[in-house]
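Asker: Contents of input_39.txt (compact mmCIF, C-alpha atoms (C1' of nucleotides)):
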# COMPACT_ATOMS: atom_id res chain seq x y z
CA MET T 22 -1.77 -34.61 -7.92
CA ALA T 23 -2.06 -33.87 -4.28
CA ARG T 24 -5.61 -34.93 -3.61
CA THR T 25 -8.59 -36.16 -5.52
CA PRO T 26 -11.54 -33.82 -5.37
CA ALA T 27 -14.64 -33.85 -3.23
CA ARG T 28 -13.25 -36.00 -0.44
CA SER T 29 -13.72 -34.72 3.03
CA LYS T 30 -11.15 -35.72 5.59
CA GLU T 31 -13.69 -37.60 7.67
CA ALA T 32 -14.78 -39.67 4.71
CA THR T 33 -11.19 -40.66 4.02
CA HIS T 34 -10.68 -41.49 7.69
CA GLU T 35 -13.73 -43.75 7.55
CA ARG T 36 -12.45 -45.43 4.46
CA ILE T 37 -9.09 -46.17 6.08
CA VAL T 38 -10.74 -47.60 9.19
CA GLU T 39 -13.08 -49.70 7.09
CA THR T 40 -10.16 -51.03 5.06
CA ALA T 41 -8.16 -51.75 8.20
CA ALA T 42 -11.09 -53.52 9.86
CA ARG T 43 -10.97 -56.06 7.06
CA ALA T 44 -7.20 -56.18 6.79
CA ILE T 45 -6.63 -57.07 10.45
CA ARG T 46 -9.11 -59.94 10.25
CA ARG T 47 -7.45 -61.17 7.06
CA SER T 48 -3.78 -60.74 7.99
CA GLY T 49 -3.67 -60.29 11.76
CA TYR T 50 -2.52 -57.29 13.75
CA ASP T 51 1.17 -57.96 13.14
CA GLY T 52 0.62 -58.77 9.50
CA THR T 53 -1.03 -55.45 8.75
CA SER T 54 1.35 -52.64 7.84
CA VAL T 55 0.50 -48.97 7.56
CA ALA T 56 1.64 -48.86 3.95
CA ASP T 57 -0.49 -51.87 2.99
CA ILE T 58 -3.64 -50.36 4.41
CA MET T 59 -3.09 -46.98 2.80
CA LYS T 60 -2.44 -48.57 -0.55
CA GLU T 61 -5.56 -50.72 -0.22
CA ALA T 62 -7.51 -47.58 0.61
CA GLY T 63 -6.15 -45.91 -2.53
CA LEU T 64 -3.75 -43.55 -0.76
CA THR T 65 -0.02 -43.27 -0.15
CA HIS T 66 1.55 -44.10 3.16
CA GLY T 67 2.74 -40.57 3.94
CA GLY T 68 -0.64 -39.11 4.70
CA PHE T 69 -1.37 -41.66 7.38
CA TYR T 70 -0.35 -39.53 10.33
CA ALA T 71 -2.72 -36.80 9.35
CA HIS T 72 -5.49 -39.24 10.31
CA PHE T 73 -4.11 -41.20 13.29
CA ALA T 74 -1.78 -40.47 16.16
CA SER T 75 -0.09 -43.84 15.72
CA ARG T 76 -0.46 -47.25 14.15
CA GLU T 77 -1.85 -48.56 17.42
CA ALA T 78 -4.55 -45.91 17.56
CA MET T 79 -5.64 -46.97 14.11
CA LEU T 80 -5.66 -50.64 15.11
CA ALA T 81 -7.90 -49.81 18.06
CA GLU T 82 -10.36 -48.02 15.80
CA ALA T 83 -10.22 -50.87 13.31
CA ALA T 84 -10.82 -53.53 15.96
CA ASP T 85 -13.78 -51.58 17.29
CA ARG T 86 -15.18 -51.19 13.82
CA ALA T 87 -14.75 -54.88 13.05
CA GLY T 88 -16.57 -55.77 16.27
CA ALA T 89 -19.39 -53.38 15.51
CA GLU T 90 -19.82 -54.89 12.05
CA SER T 91 -19.91 -58.42 13.48
CA ALA T 92 -22.49 -57.48 16.08
CA ALA T 93 -24.64 -55.67 13.54
CA ALA T 94 -24.53 -58.63 11.17
CA SER T 95 -25.56 -60.99 13.97
CA ALA T 96 -28.44 -58.78 15.01
CA ARG T 97 -29.57 -58.54 11.39
CA ILE T 98 -29.61 -62.31 11.00
CA ALA T 99 -31.52 -62.76 14.25
CA ALA T 100 -34.08 -60.15 13.20
CA THR T 101 -34.98 -61.81 9.90
CA VAL T 102 -36.56 -64.93 11.44
CA PRO T 103 -39.18 -65.59 14.12
CA PRO T 104 -37.72 -65.24 17.63
CA GLU T 105 -37.88 -68.95 18.41
CA ARG T 106 -35.52 -69.66 15.52
CA ALA T 107 -33.23 -66.67 15.97
CA LEU T 108 -30.53 -68.52 17.89
CA GLN T 109 -30.58 -71.36 15.40
CA SER T 110 -30.12 -68.98 12.46
CA LEU T 111 -27.33 -67.18 14.25
CA LEU T 112 -25.50 -70.43 14.91
CA GLN T 113 -26.00 -71.75 11.41
CA ALA T 114 -24.46 -68.61 9.97
CA TYR T 115 -21.63 -68.52 12.49
CA LEU T 116 -20.73 -72.18 12.16
CA SER T 117 -20.85 -72.23 8.37
CA LYS T 118 -18.20 -72.97 5.75
CA GLU T 119 -18.81 -69.49 4.42
CA HIS T 120 -17.75 -67.99 7.71
CA VAL T 121 -14.70 -70.26 7.82
CA LYS T 122 -13.70 -69.05 4.37
CA ASN T 123 -14.24 -65.34 4.96
CA PRO T 124 -12.59 -64.16 8.15
CA GLU T 125 -12.21 -60.63 6.85
CA ILE T 126 -15.94 -59.98 7.08
CA GLY T 127 -16.58 -62.29 10.04
CA CYS T 128 -16.27 -62.47 13.80
CA VAL T 129 -13.36 -60.44 15.10
CA VAL T 130 -12.86 -62.67 18.13
CA ALA T 131 -12.41 -65.76 16.01
CA ALA T 132 -10.15 -63.89 13.58
CA LEU T 133 -7.89 -62.27 16.17
CA GLY T 134 -8.62 -63.97 19.49
CA SER T 135 -5.22 -65.42 20.20
CA GLU T 136 -3.45 -62.18 19.26
CA MET T 137 -5.54 -60.08 21.65
CA PRO T 138 -3.46 -60.61 24.81
CA ARG T 139 -0.49 -58.90 23.19
CA GLN T 140 -2.28 -55.81 21.94
CA ALA T 141 -2.19 -52.27 23.28
CA PRO T 142 -4.63 -51.46 26.12
CA GLU T 143 -6.83 -49.40 23.81
CA VAL T 144 -7.20 -52.34 21.43
CA ARG T 145 -8.01 -54.83 24.20
CA GLN T 146 -10.52 -52.43 25.69
CA ALA T 147 -12.41 -52.13 22.42
CA ALA T 148 -12.28 -55.89 21.97
CA THR T 149 -13.61 -56.54 25.47
CA ARG T 150 -16.55 -54.24 24.87
CA ARG T 151 -17.39 -56.06 21.66
CA ILE T 152 -17.02 -59.49 23.25
CA LYS T 153 -19.55 -58.51 25.92
CA GLU T 154 -21.83 -57.33 23.13
CA MET T 155 -21.50 -60.67 21.37
CA ILE T 156 -22.34 -62.58 24.56
CA ASP T 157 -25.38 -60.37 25.08
CA VAL T 158 -26.61 -61.00 21.56
CA VAL T 159 -26.37 -64.75 22.16
CA ALA T 160 -28.03 -64.46 25.57
CA ARG T 161 -30.99 -62.49 24.24
CA GLN T 162 -31.73 -65.03 21.52
CA SER T 163 -31.56 -68.00 23.88
CA PRO T 164 -34.71 -69.78 25.01
CA ASP T 165 -33.73 -69.54 28.67
CA TRP T 166 -33.42 -65.75 28.58
CA GLY T 167 -34.15 -64.27 32.00
CA GLN T 168 -33.86 -67.56 33.87
CA PRO T 169 -31.07 -68.01 36.43
CA GLY T 170 -27.89 -69.26 34.84
CA ALA T 171 -28.83 -67.96 31.42
CA HIS T 172 -25.90 -65.58 31.28
CA GLU T 173 -23.44 -68.32 32.21
CA HIS T 174 -25.01 -70.49 29.58
CA ALA T 175 -24.46 -67.77 27.01
CA LEU T 176 -20.80 -67.57 28.03
CA VAL T 177 -20.39 -71.26 27.28
CA THR T 178 -22.28 -71.01 24.01
CA ALA T 179 -20.08 -68.12 22.85
CA ALA T 180 -16.93 -69.98 23.87
CA THR T 181 -17.98 -73.05 21.92
CA MET T 182 -18.81 -70.97 18.86
CA VAL T 183 -15.47 -69.18 18.92
CA GLY T 184 -13.46 -72.32 19.67
CA ALA T 185 -15.13 -74.37 16.96
CA LEU T 186 -14.66 -71.67 14.32
CA ILE T 187 -11.02 -71.06 15.22
CA MET T 188 -10.23 -74.76 15.14
CA ALA T 189 -12.16 -75.28 11.91
CA ARG T 190 -10.00 -72.57 10.34
CA ALA T 191 -6.77 -73.75 11.90
CA VAL T 192 -6.75 -77.32 10.65
CA ASP T 193 -5.45 -78.49 7.34
CA ASP T 194 -8.02 -81.24 6.96
CA PRO T 195 -11.37 -80.27 5.40
CA LYS T 196 -13.11 -83.28 6.90
CA LEU T 197 -12.07 -82.38 10.42
CA SER T 198 -12.99 -78.76 9.75
CA ASP T 199 -16.52 -79.75 8.73
CA ALA T 200 -16.84 -82.22 11.58
CA LEU T 201 -16.02 -79.49 14.10
CA LEU T 202 -18.66 -77.15 12.68
CA LYS T 203 -21.33 -79.85 12.46
CA ALA T 204 -20.67 -81.24 15.93
CA ALA T 205 -20.81 -77.79 17.52
CA LEU T 206 -23.96 -76.86 15.63
CA LYS T 207 -25.71 -80.08 16.56
CA HIS T 208 -24.71 -79.69 20.19
CA LEU T 209 -25.82 -76.05 20.44
CA VAL T 210 -29.10 -76.43 18.55
CA PRO T 211 -30.81 -79.37 20.23
CA ALA T 212 -33.97 -79.25 18.14
CA CYS T 213 -32.31 -79.38 14.75
CA ASP T 214 -30.56 -81.43 12.11
CA MET L 28 34.97 -66.92 21.02
CA ALA L 29 33.44 -68.97 18.33
CA ARG L 30 31.67 -71.63 20.29
CA THR L 31 31.29 -72.76 23.86
CA PRO L 32 32.67 -76.15 24.60
CA ALA L 33 31.04 -79.56 24.87
CA ARG L 34 27.91 -78.76 22.90
CA SER L 35 26.93 -81.09 20.16
CA LYS L 36 25.09 -79.61 17.23
CA GLU L 37 21.97 -81.63 17.95
CA ALA L 38 21.83 -80.41 21.52
CA THR L 39 21.99 -76.81 20.33
CA HIS L 40 19.32 -77.52 17.72
CA GLU L 41 17.09 -78.91 20.45
CA ARG L 42 17.71 -75.89 22.61
CA ILE L 43 16.73 -73.52 19.81
CA VAL L 44 13.53 -75.47 19.09
CA GLU L 45 12.68 -75.57 22.78
CA THR L 46 13.24 -71.83 23.09
CA ALA L 47 11.17 -71.17 19.97
CA ALA L 48 8.34 -73.41 21.18
CA ARG L 49 7.92 -71.08 24.12
CA ALA L 50 8.58 -67.88 22.20
CA ILE L 51 5.86 -68.49 19.60
CA ARG L 52 3.28 -69.14 22.32
CA ARG L 53 4.36 -65.99 24.14
CA SER L 54 4.76 -63.60 21.20
CA GLY L 55 2.97 -65.22 18.27
CA TYR L 56 4.42 -66.41 14.98
CA ASP L 57 4.83 -62.93 13.56
CA GLY L 58 6.19 -61.55 16.81
CA THR L 59 9.02 -64.04 16.95
CA SER L 60 12.18 -63.02 15.11
CA VAL L 61 15.15 -65.21 14.33
CA ALA L 62 17.49 -62.88 16.22
CA ASP L 63 15.28 -62.87 19.31
CA ILE L 64 15.18 -66.63 19.52
CA MET L 65 18.90 -67.04 19.01
CA LYS L 66 19.66 -64.47 21.67
CA GLU L 67 17.25 -66.15 24.08
CA ALA L 68 18.98 -69.45 23.37
CA GLY L 69 22.32 -67.84 24.18
CA LEU L 70 23.59 -67.66 20.60
CA THR L 71 24.05 -65.04 17.91
CA HIS L 72 21.76 -64.76 14.93
CA GLY L 73 24.34 -65.67 12.31
CA GLY L 74 24.55 -69.34 13.16
CA PHE L 75 20.85 -69.87 12.66
CA TYR L 76 21.01 -71.18 9.11
CA ALA L 77 23.40 -73.89 10.10
CA HIS L 78 20.44 -75.41 11.95
CA PHE L 79 17.39 -74.62 9.82
CA ALA L 80 16.69 -74.23 6.12
CA SER L 81 14.51 -71.20 6.82
CA ARG L 82 12.62 -69.36 9.50
CA GLU L 83 9.45 -71.18 8.48
CA ALA L 84 11.08 -74.58 8.87
CA MET L 85 12.03 -73.61 12.40
CA LEU L 86 8.50 -72.41 13.15
CA ALA L 87 7.13 -75.74 11.99
CA GLU L 88 9.47 -77.60 14.32
CA ALA L 89 8.64 -75.25 17.15
CA ALA L 90 4.88 -75.63 16.66
CA ASP L 91 5.21 -79.38 16.62
CA ARG L 92 7.30 -79.30 19.77
CA ALA L 93 4.83 -77.02 21.52
CA GLY L 94 1.99 -79.38 20.62
CA ALA L 95 3.90 -82.40 21.83
CA GLU L 96 4.59 -80.71 25.16
CA SER L 97 0.93 -79.78 25.58
CA ALA L 98 -0.22 -83.31 24.82
CA ALA L 99 2.35 -84.84 27.14
CA ALA L 100 1.36 -82.52 29.97
CA SER L 101 -2.31 -83.41 29.48
CA ALA L 102 -1.59 -87.11 29.50
CA ARG L 103 0.49 -86.70 32.66
CA ILE L 104 -2.32 -84.92 34.46
CA ALA L 105 -4.84 -87.55 33.42
CA ALA L 106 -2.55 -90.33 34.58
CA THR L 107 -2.14 -89.04 38.14
CA VAL L 108 -5.78 -89.53 39.16
CA PRO L 109 -8.25 -92.42 39.01
CA PRO L 110 -9.76 -92.79 35.52
CA GLU L 111 -13.21 -91.58 36.52
CA ARG L 112 -11.74 -88.24 37.54
CA ALA L 113 -9.25 -87.88 34.71
CA LEU L 114 -11.41 -85.64 32.52
CA GLN L 115 -12.26 -83.43 35.46
CA SER L 116 -8.61 -82.96 36.38
CA LEU L 117 -7.73 -82.21 32.77
CA LEU L 118 -10.43 -79.57 32.52
CA GLN L 119 -9.58 -77.99 35.84
CA ALA L 120 -5.97 -77.58 34.75
CA TYR L 121 -6.90 -76.34 31.29
CA LEU L 122 -9.52 -73.87 32.47
CA SER L 123 -7.40 -72.43 35.27
CA LYS L 124 -6.08 -68.92 35.92
CA GLU L 125 -2.61 -70.43 35.85
CA HIS L 126 -3.13 -71.54 32.27
CA VAL L 127 -4.52 -68.13 31.36
CA LYS L 128 -1.42 -66.48 32.78
CA ASN L 129 1.15 -68.79 31.19
CA PRO L 130 0.52 -69.25 27.49
CA GLU L 131 4.17 -69.98 26.79
CA ILE L 132 3.96 -73.36 28.51
CA GLY L 133 0.32 -74.04 27.68
CA CYS L 134 -1.94 -75.21 24.87
CA VAL L 135 -0.58 -74.28 21.48
CA VAL L 136 -4.04 -74.10 19.90
CA ALA L 137 -5.24 -71.52 22.40
CA ALA L 138 -1.99 -69.58 22.10
CA LEU L 139 -1.81 -69.51 18.30
CA GLY L 140 -5.20 -70.66 17.02
CA SER L 141 -6.23 -67.57 15.14
CA GLU L 142 -2.80 -67.21 13.52
CA MET L 143 -2.82 -70.76 12.16
CA PRO L 144 -4.75 -70.12 8.92
CA ARG L 145 -1.97 -67.83 7.69
CA GLN L 146 0.94 -70.13 8.39
CA ALA L 147 3.05 -72.15 5.97
CA PRO L 148 1.68 -75.59 5.02
CA GLU L 149 4.32 -77.37 7.10
CA VAL L 150 3.25 -75.43 10.19
CA ARG L 151 -0.45 -76.07 9.66
CA GLN L 152 0.23 -79.74 9.07
CA ALA L 153 2.03 -80.10 12.38
CA ALA L 154 -0.70 -78.16 14.13
CA THR L 155 -3.45 -80.32 12.64
CA ARG L 156 -1.72 -83.47 13.84
CA ARG L 157 -1.47 -82.07 17.36
CA ILE L 158 -5.08 -80.90 17.36
CA LYS L 159 -6.22 -84.41 16.51
CA GLU L 160 -4.03 -85.66 19.33
CA MET L 161 -5.66 -83.24 21.74
CA ILE L 162 -9.16 -84.33 20.70
CA ASP L 163 -8.16 -87.95 21.17
CA VAL L 164 -6.85 -87.26 24.67
CA VAL L 165 -10.16 -85.67 25.59
CA ALA L 166 -12.15 -88.48 23.98
CA ARG L 167 -10.27 -91.21 25.83
CA GLN L 168 -10.86 -89.61 29.23
CA SER L 169 -14.57 -89.09 28.61
CA PRO L 170 -17.16 -91.30 30.33
CA ASP L 171 -18.89 -92.07 27.02
CA TRP L 172 -15.75 -93.47 25.43
CA GLY L 173 -16.65 -96.07 22.80
CA GLN L 174 -20.30 -95.13 22.58
CA PRO L 175 -21.70 -93.69 19.35
CA GLY L 176 -21.30 -89.94 19.16
CA ALA L 177 -18.44 -89.93 21.63
CA HIS L 178 -15.99 -88.55 19.09
CA GLU L 179 -18.34 -85.73 18.12
CA HIS L 180 -18.82 -84.99 21.77
CA ALA L 181 -15.07 -84.73 22.21
CA LEU L 182 -14.91 -82.27 19.31
CA VAL L 183 -17.38 -80.02 21.07
CA THR L 184 -15.61 -80.34 24.40
CA ALA L 185 -12.29 -79.41 22.83
CA ALA L 186 -13.85 -76.44 21.02
CA THR L 187 -15.38 -75.16 24.25
CA MET L 188 -12.06 -75.52 26.08
CA VAL L 189 -10.14 -73.64 23.41
CA GLY L 190 -12.77 -70.94 22.98
CA ALA L 191 -13.13 -70.29 26.69
CA LEU L 192 -9.38 -70.06 27.23
CA ILE L 193 -8.83 -67.76 24.26
CA MET L 194 -11.63 -65.46 25.34
CA ALA L 195 -10.50 -65.49 28.97
CA ARG L 196 -7.07 -64.32 27.79
CA ALA L 197 -8.42 -61.83 25.28
CA VAL L 198 -10.58 -59.75 27.58
CA ASP L 199 -9.40 -56.87 29.67
CA ASP L 200 -11.81 -57.55 32.51
CA PRO L 201 -10.66 -60.06 35.17
CA LYS L 202 -14.21 -60.73 36.29
CA LEU L 203 -15.34 -61.70 32.81
CA SER L 204 -12.20 -63.77 32.39
CA ASP L 205 -12.96 -65.76 35.54
CA ALA L 206 -16.62 -66.07 34.65
CA LEU L 207 -15.75 -67.61 31.29
CA LEU L 208 -13.48 -70.21 32.88
CA LYS L 209 -15.95 -71.07 35.64
CA ALA L 210 -18.95 -71.31 33.34
CA ALA L 211 -17.12 -73.58 30.90
CA LEU L 212 -15.78 -75.77 33.70
CA LYS L 213 -19.19 -76.14 35.32
CA HIS L 214 -20.77 -76.94 31.99
CA LEU L 215 -18.19 -79.53 31.00
CA VAL L 216 -17.91 -81.26 34.37
CA PRO L 217 -21.51 -82.01 35.32
CA ALA L 218 -20.71 -83.81 38.56
CA CYS L 219 -18.56 -81.10 40.07
CA ASP L 220 -18.29 -77.77 41.79
C1' DC V 8 -9.97 -14.06 -11.43
C1' DG V 9 -6.61 -14.50 -7.86
C1' DT V 10 -5.10 -16.02 -3.11
C1' DG V 11 -4.63 -18.87 0.73
C1' DC V 12 -5.69 -23.13 3.07
C1' DC V 13 -5.57 -27.89 3.82
C1' DA V 14 -5.67 -32.77 2.41
C1' DT V 15 -2.67 -35.68 0.40
C1' DA V 16 1.84 -36.98 -2.02
C1' DT V 17 6.89 -37.24 -2.18
C1' DG V 18 10.72 -38.47 -0.14
C1' DA V 19 13.80 -39.32 3.73
C1' DT V 20 15.32 -41.48 8.21
C1' DG V 21 16.60 -44.88 11.32
C1' DA V 22 15.25 -49.24 13.10
C1' DT V 23 14.42 -54.02 12.35
C1' DT V 24 14.17 -57.90 9.48
C1' DA V 25 15.65 -62.58 7.03
C1' DT V 26 19.37 -64.29 4.86
C1' DC V 27 24.09 -65.31 3.70
C1' DA V 28 29.47 -65.13 3.21
C1' DT V 29 33.31 -65.41 5.69
C1' DA V 30 36.22 -65.52 9.88
C1' DT V 31 37.51 -67.83 14.20
C1' DA V 32 38.04 -70.80 17.85
C1' DA V 33 37.22 -75.21 20.12
C1' DT V 34 37.13 -80.08 19.59
C1' DA V 35 38.73 -84.42 17.38
C1' DT V 36 42.19 -86.91 15.06
C1' DC V 37 46.69 -88.20 14.38
C1' DG D 8 51.35 -81.66 20.63
C1' DA D 9 50.13 -80.34 15.56
C1' DT D 10 46.41 -80.27 12.24
C1' DA D 11 41.91 -80.68 10.28
C1' DT D 12 37.12 -80.29 11.09
C1' DT D 13 33.11 -77.92 12.30
C1' DA D 14 30.06 -75.23 15.21
C1' DT D 15 29.34 -70.69 16.09
C1' DA D 16 30.46 -65.55 15.71
C1' DT D 17 31.16 -61.29 12.94
C1' DG D 18 29.64 -58.55 9.70
C1' DA D 19 27.19 -57.29 5.48
C1' DT D 20 23.07 -56.85 2.38
C1' DA D 21 18.75 -55.73 0.77
C1' DA D 22 14.02 -55.43 2.11
C1' DT D 23 10.49 -53.68 4.98
C1' DC D 24 8.83 -51.03 8.64
C1' DA D 25 6.83 -46.79 11.45
C1' DT D 26 7.31 -42.17 11.56
C1' DC D 27 7.94 -37.49 10.09
C1' DA D 28 9.27 -33.06 7.27
C1' DT D 29 8.21 -30.83 3.46
C1' DA D 30 6.25 -30.12 -1.19
C1' DT D 31 2.12 -29.75 -4.18
C1' DG D 32 -2.07 -29.16 -6.02
C1' DG D 33 -7.25 -28.78 -5.76
C1' DC D 34 -10.94 -26.25 -3.50
C1' DA D 35 -13.23 -22.25 -1.22
C1' DC D 36 -13.33 -17.72 -0.42
C1' DG D 37 -12.15 -13.04 -1.59
So that I can check it, write out the structure of this file as structure tokens.
Answerer:
Amino acid sequence: MARTPARSKEATHERIVETAARAIRRSGYDGTSVADIMKEAGLTHGGFYAHFASREAMLAEAADRAGAESAAASARIAATVPPERALQSLLQAYLSKEHVKNPEIGCVVAALGSEMPRQAPEVRQAATRRIKEMIDVVARQSPDWGQPGAHEHALVTAATMVGALIMARAVDDPKLSDALLKAALKHLVPACD
Amino acid sequence: MARTPARSKEATHERIVETAARAIRRSGYDGTSVADIMKEAGLTHGGFYAHFASREAMLAEAADRAGAESAAASARIAATVPPERALQSLLQAYLSKEHVKNPEIGCVVAALGSEMPRQAPEVRQAATRRIKEMIDVVARQSPDWGQPGAHEHALVTAATMVGALIMARAVDDPKLSDALLKAALKHLVPACD
DNA sequence: CGTGCCATATGATGATTATCATATAATATC
DNA sequence: GATATTATATGATAATCATCATATGGCACG
């Protein structure tokens, strides 16, 4: 069988990108092979180059997709509560055990941050755009929005979020992992817990 | 020529670990091959298994070594200034462009943080030990040392340091990179700049 | 109902990988 | 100065990788 019916090429392309967006967050850029992704998408490895010019081009699309999903999820969370609690909800979701456990559907910066410097220019470019988006989302939900220094404050908040999540995932010790999340949450949400 | 003279086996072992400790911070765990390291250490790949049981065992030693170097460098910086300025000096060195540019001799958590969750247990164990060490270094230099909540505060400080450095390295945009470092530094050193 | 197109599969290639068996040469011992 | 020891080199193996050429079969159009 050469192809299964009723699948447009674009739909298959989307499916591969979607699969890759999860795979890179789960296994890292270097840990994600073309054959693995194609198999996970229900295809064989040979057809890959009908969809992408190279592995790197696919990684760039996947990184961009992963960033878009993260940003959309954040915006969705912020939109479901009254504005004065939006930042708090965002932080509670970001700094949760659930997020620690599920990198493949979580923040792309936390999942791939330390691998970014070594990636192809196209990949870093997509990542940079998404990082700016993430900082903007944080800035807009912050109580000091519009005031001088608010943007810098959002930079620090984002850095603390990313650092705490990465460290909470890195360590072997569940107690330390929890302590990192709790301490960061308490520090970033003054009026809570 | 089978071996160069006057080299004890331990000295060669040390040299391989030292080389690997830099290589993993430069190229990542997955980007570091046995052959590359041996060549960089001035040896051929075949002799590798006379020194290590496996590639993973070597990575664990290398990660531990990298962490020890980071901690020693931090302690050295803190020791060269009066105690009330120790934390400031530490942060200025950590959140510097120099550190952004030279991951191979810098903090192992920032260089490899997002790859840690996928590593072998021995590697994660070594990393966890070194992360605790890093948090302790920060805690001891902090003005609130001994007070309640000081340890939690150190957790947040460490998370912000790591997150800011990782993001500053990840982005493509030098202005954003600088802004991240400056904002984090200003936020963490109240009485400065 | 038949014909051609195009998305995907099959299969191959050459490079790189971790790992190991064996050969060799330099040091240490006598 | 001869011999044994041992650290390292040579070379091989099997697996995995990105990439590409070509085959095949389902779908649309005639």
Asker: Kindly indicate which residue among T:Glu61, T:Glu77, T:Glu82, T:Asp51 lies nearest to chain L, using only C-alpha atoms for the distances.
Answerer: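 Selected residue with least distance to chain L: T:Asp51.
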Asker: From the list L:Ala105, L:Pro201, L:Thr46, L:Gly176, which residue is nearest Lys66 in chain L when using all atoms listed in the file?
Answerer: L:Thr46
Asker: To one decimal place, how far is CA of Tyr115 in chain T from CA of Arg190 in chain T in Å?
Answerer: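 A separation of 12.5 Å between them.
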Asker: Fewer than 3 positions away in the same chain doesn't count, so skip those; otherwise give me all residues within 12 Å of DG18 in chain D, counting only C-alpha atoms (C1' of nucleotides), as a ChimeraX atom specification.
Answerer: /L:71-73 /V:27-30
Asker: Counting all atoms listed in the file, give me one row per residue of chain V with an atom at most 9 Å from an atom of range 24-32 of chain D, showing the shortest contact pair and its distance in Å to one decimal, sorted by chain then residue number, as CSV.
Answerer:
residue,atom,partner,partner_atom,distance
V:DT15,C1',D:DT31,C1',8.9
V:DA16,C1',D:DT31,C1',7.6
V:DT17,C1',D:DA30,C1',7.2
V:DG18,C1',D:DT29,C1',8.8
V:DA19,C1',D:DA28,C1',8.5
V:DT20,C1',D:DC27,C1',8.6
V:DA22,C1',D:DC24,C1',8.0
V:DT23,C1',D:DC24,C1',7.3
V:DT24,C1',D:DC24,C1',8.7
Asker: Give me the chain T side of the contact with chain L, cut-off 8 Å, one line per residue showing its nearest atom pair and distance in Å at one decimal, counting only C-alpha atoms, sorted by chain and residue number, as JSON lines.
Answerer:
{"residue": "T:Ser48", "atom": "CA", "partner": "L:Arg145", "partner_atom": "CA", "distance": 7.3}
{"residue": "T:Gly49", "atom": "CA", "partner": "L:Glu142", "partner_atom": "CA", "distance": 7.2}
{"residue": "T:Asp51", "atom": "CA", "partner": "L:Asp57", "partner_atom": "CA", "distance": 6.2}
{"residue": "T:Gly52", "atom": "CA", "partner": "L:Asp57", "partner_atom": "CA", "distance": 7.2}
{"residue": "T:Val130", "atom": "CA", "partner": "L:Met194", "partner_atom": "CA", "distance": 7.8}
{"residue": "T:Ala131", "atom": "CA", "partner": "L:Ser141", "partner_atom": "CA", "distance": 6.5}
{"residue": "T:Ala132", "atom": "CA", "partner": "L:Ser141", "partner_atom": "CA", "distance": 5.6}
{"residue": "T:Leu133", "atom": "CA", "partner": "L:Ser141", "partner_atom": "CA", "distance": 5.6}
{"residue": "T:Gly134", "atom": "CA", "partner": "L:Ile193", "partner_atom": "CA", "distance": 6.1}
{"residue": "T:Ser135", "atom": "CA", "partner": "L:Ser141", "partner_atom": "CA", "distance": 5.6}
{"residue": "T:Glu136", "atom": "CA", "partner": "L:Gly55", "partner_atom": "CA", "distance": 7.2}
{"residue": "T:Met137", "atom": "CA", "partner": "L:Ala197", "partner_atom": "CA", "distance": 5.0}
{"residue": "T:Pro138", "atom": "CA", "partner": "L:Ala197", "partner_atom": "CA", "distance": 5.1}
{"residue": "T:Arg139", "atom": "CA", "partner": "L:Ser54", "partner_atom": "CA", "distance": 7.3}
{"residue": "T:Arg145", "atom": "CA", "partner": "L:Asp199", "partner_atom": "CA", "distance": 6.0}
{"residue": "T:Gln146", "atom": "CA", "partner": "L:Asp199", "partner_atom": "CA", "distance": 6.1}
{"residue": "T:Ala148", "atom": "CA", "partner": "L:Val198", "partner_atom": "CA", "distance": 7.0}
{"residue": "T:Thr149", "atom": "CA", "partner": "L:Val198", "partner_atom": "CA", "distance": 4.9}
{"residue": "T:Ile152", "atom": "CA", "partner": "L:Val198", "partner_atom": "CA", "distance": 7.8}
{"residue": "T:Glu173", "atom": "CA", "partner": "L:Ala210", "partner_atom": "CA", "distance": 5.5}
{"residue": "T:His174", "atom": "CA", "partner": "L:Ala210", "partner_atom": "CA", "distance": 7.2}
{"residue": "T:Leu176", "atom": "CA", "partner": "L:Leu207", "partner_atom": "CA", "distance": 6.0}
{"residue": "T:Val177", "atom": "CA", "partner": "L:Ala211", "partner_atom": "CA", "distance": 5.4}
{"residue": "T:Ala179", "atom": "CA", "partner": "L:Gly190", "partner_atom": "CA", "distance": 7.8}
{"residue": "T:Ala180", "atom": "CA", "partner": "L:Gly190", "partner_atom": "CA", "distance": 4.4}
{"residue": "T:Thr181", "atom": "CA", "partner": "L:Thr187", "partner_atom": "CA", "distance": 4.1}
{"residue": "T:Met182", "atom": "CA", "partner": "L:Gly190", "partner_atom": "CA", "distance": 7.3}
{"residue": "T:Val183", "atom": "CA", "partner": "L:Gly190", "partner_atom": "CA", "distance": 5.2}
{"residue": "T:Gly184", "atom": "CA", "partner": "L:Gly190", "partner_atom": "CA", "distance": 3.7}
{"residue": "T:Ala185", "atom": "CA", "partner": "L:Ala186", "partner_atom": "CA", "distance": 4.7}
{"residue": "T:Ile187", "atom": "CA", "partner": "L:Ser141", "partner_atom": "CA", "distance": 5.9}
{"residue": "T:Met188", "atom": "CA", "partner": "L:Gly140", "partner_atom": "CA", "distance": 6.8}
{"residue": "T:Arg190", "atom": "CA", "partner": "L:Pro144", "partner_atom": "CA", "distance": 6.0}
{"residue": "T:Ala191", "atom": "CA", "partner": "L:Met143", "partner_atom": "CA", "distance": 5.0}
{"residue": "T:Val192", "atom": "CA", "partner": "L:Thr155", "partner_atom": "CA", "distance": 4.9}
{"residue": "T:Asp193", "atom": "CA", "partner": "L:Thr155", "partner_atom": "CA", "distance": 6.0}
{"residue": "T:Asp194", "atom": "CA", "partner": "L:Thr155", "partner_atom": "CA", "distance": 7.3}
{"residue": "T:Ala200", "atom": "CA", "partner": "L:Glu179", "partner_atom": "CA", "distance": 7.6}
{"residue": "T:Leu201", "atom": "CA", "partner": "L:Leu182", "partner_atom": "CA", "distance": 6.0}
{"residue": "T:Ala204", "atom": "CA", "partner": "L:Glu179", "partner_atom": "CA", "distance": 5.5}
{"residue": "T:Ala205", "atom": "CA", "partner": "L:Val183", "partner_atom": "CA", "distance": 5.4}
{"residue": "T:His208", "atom": "CA", "partner": "L:Val183", "partner_atom": "CA", "distance": 7.4}
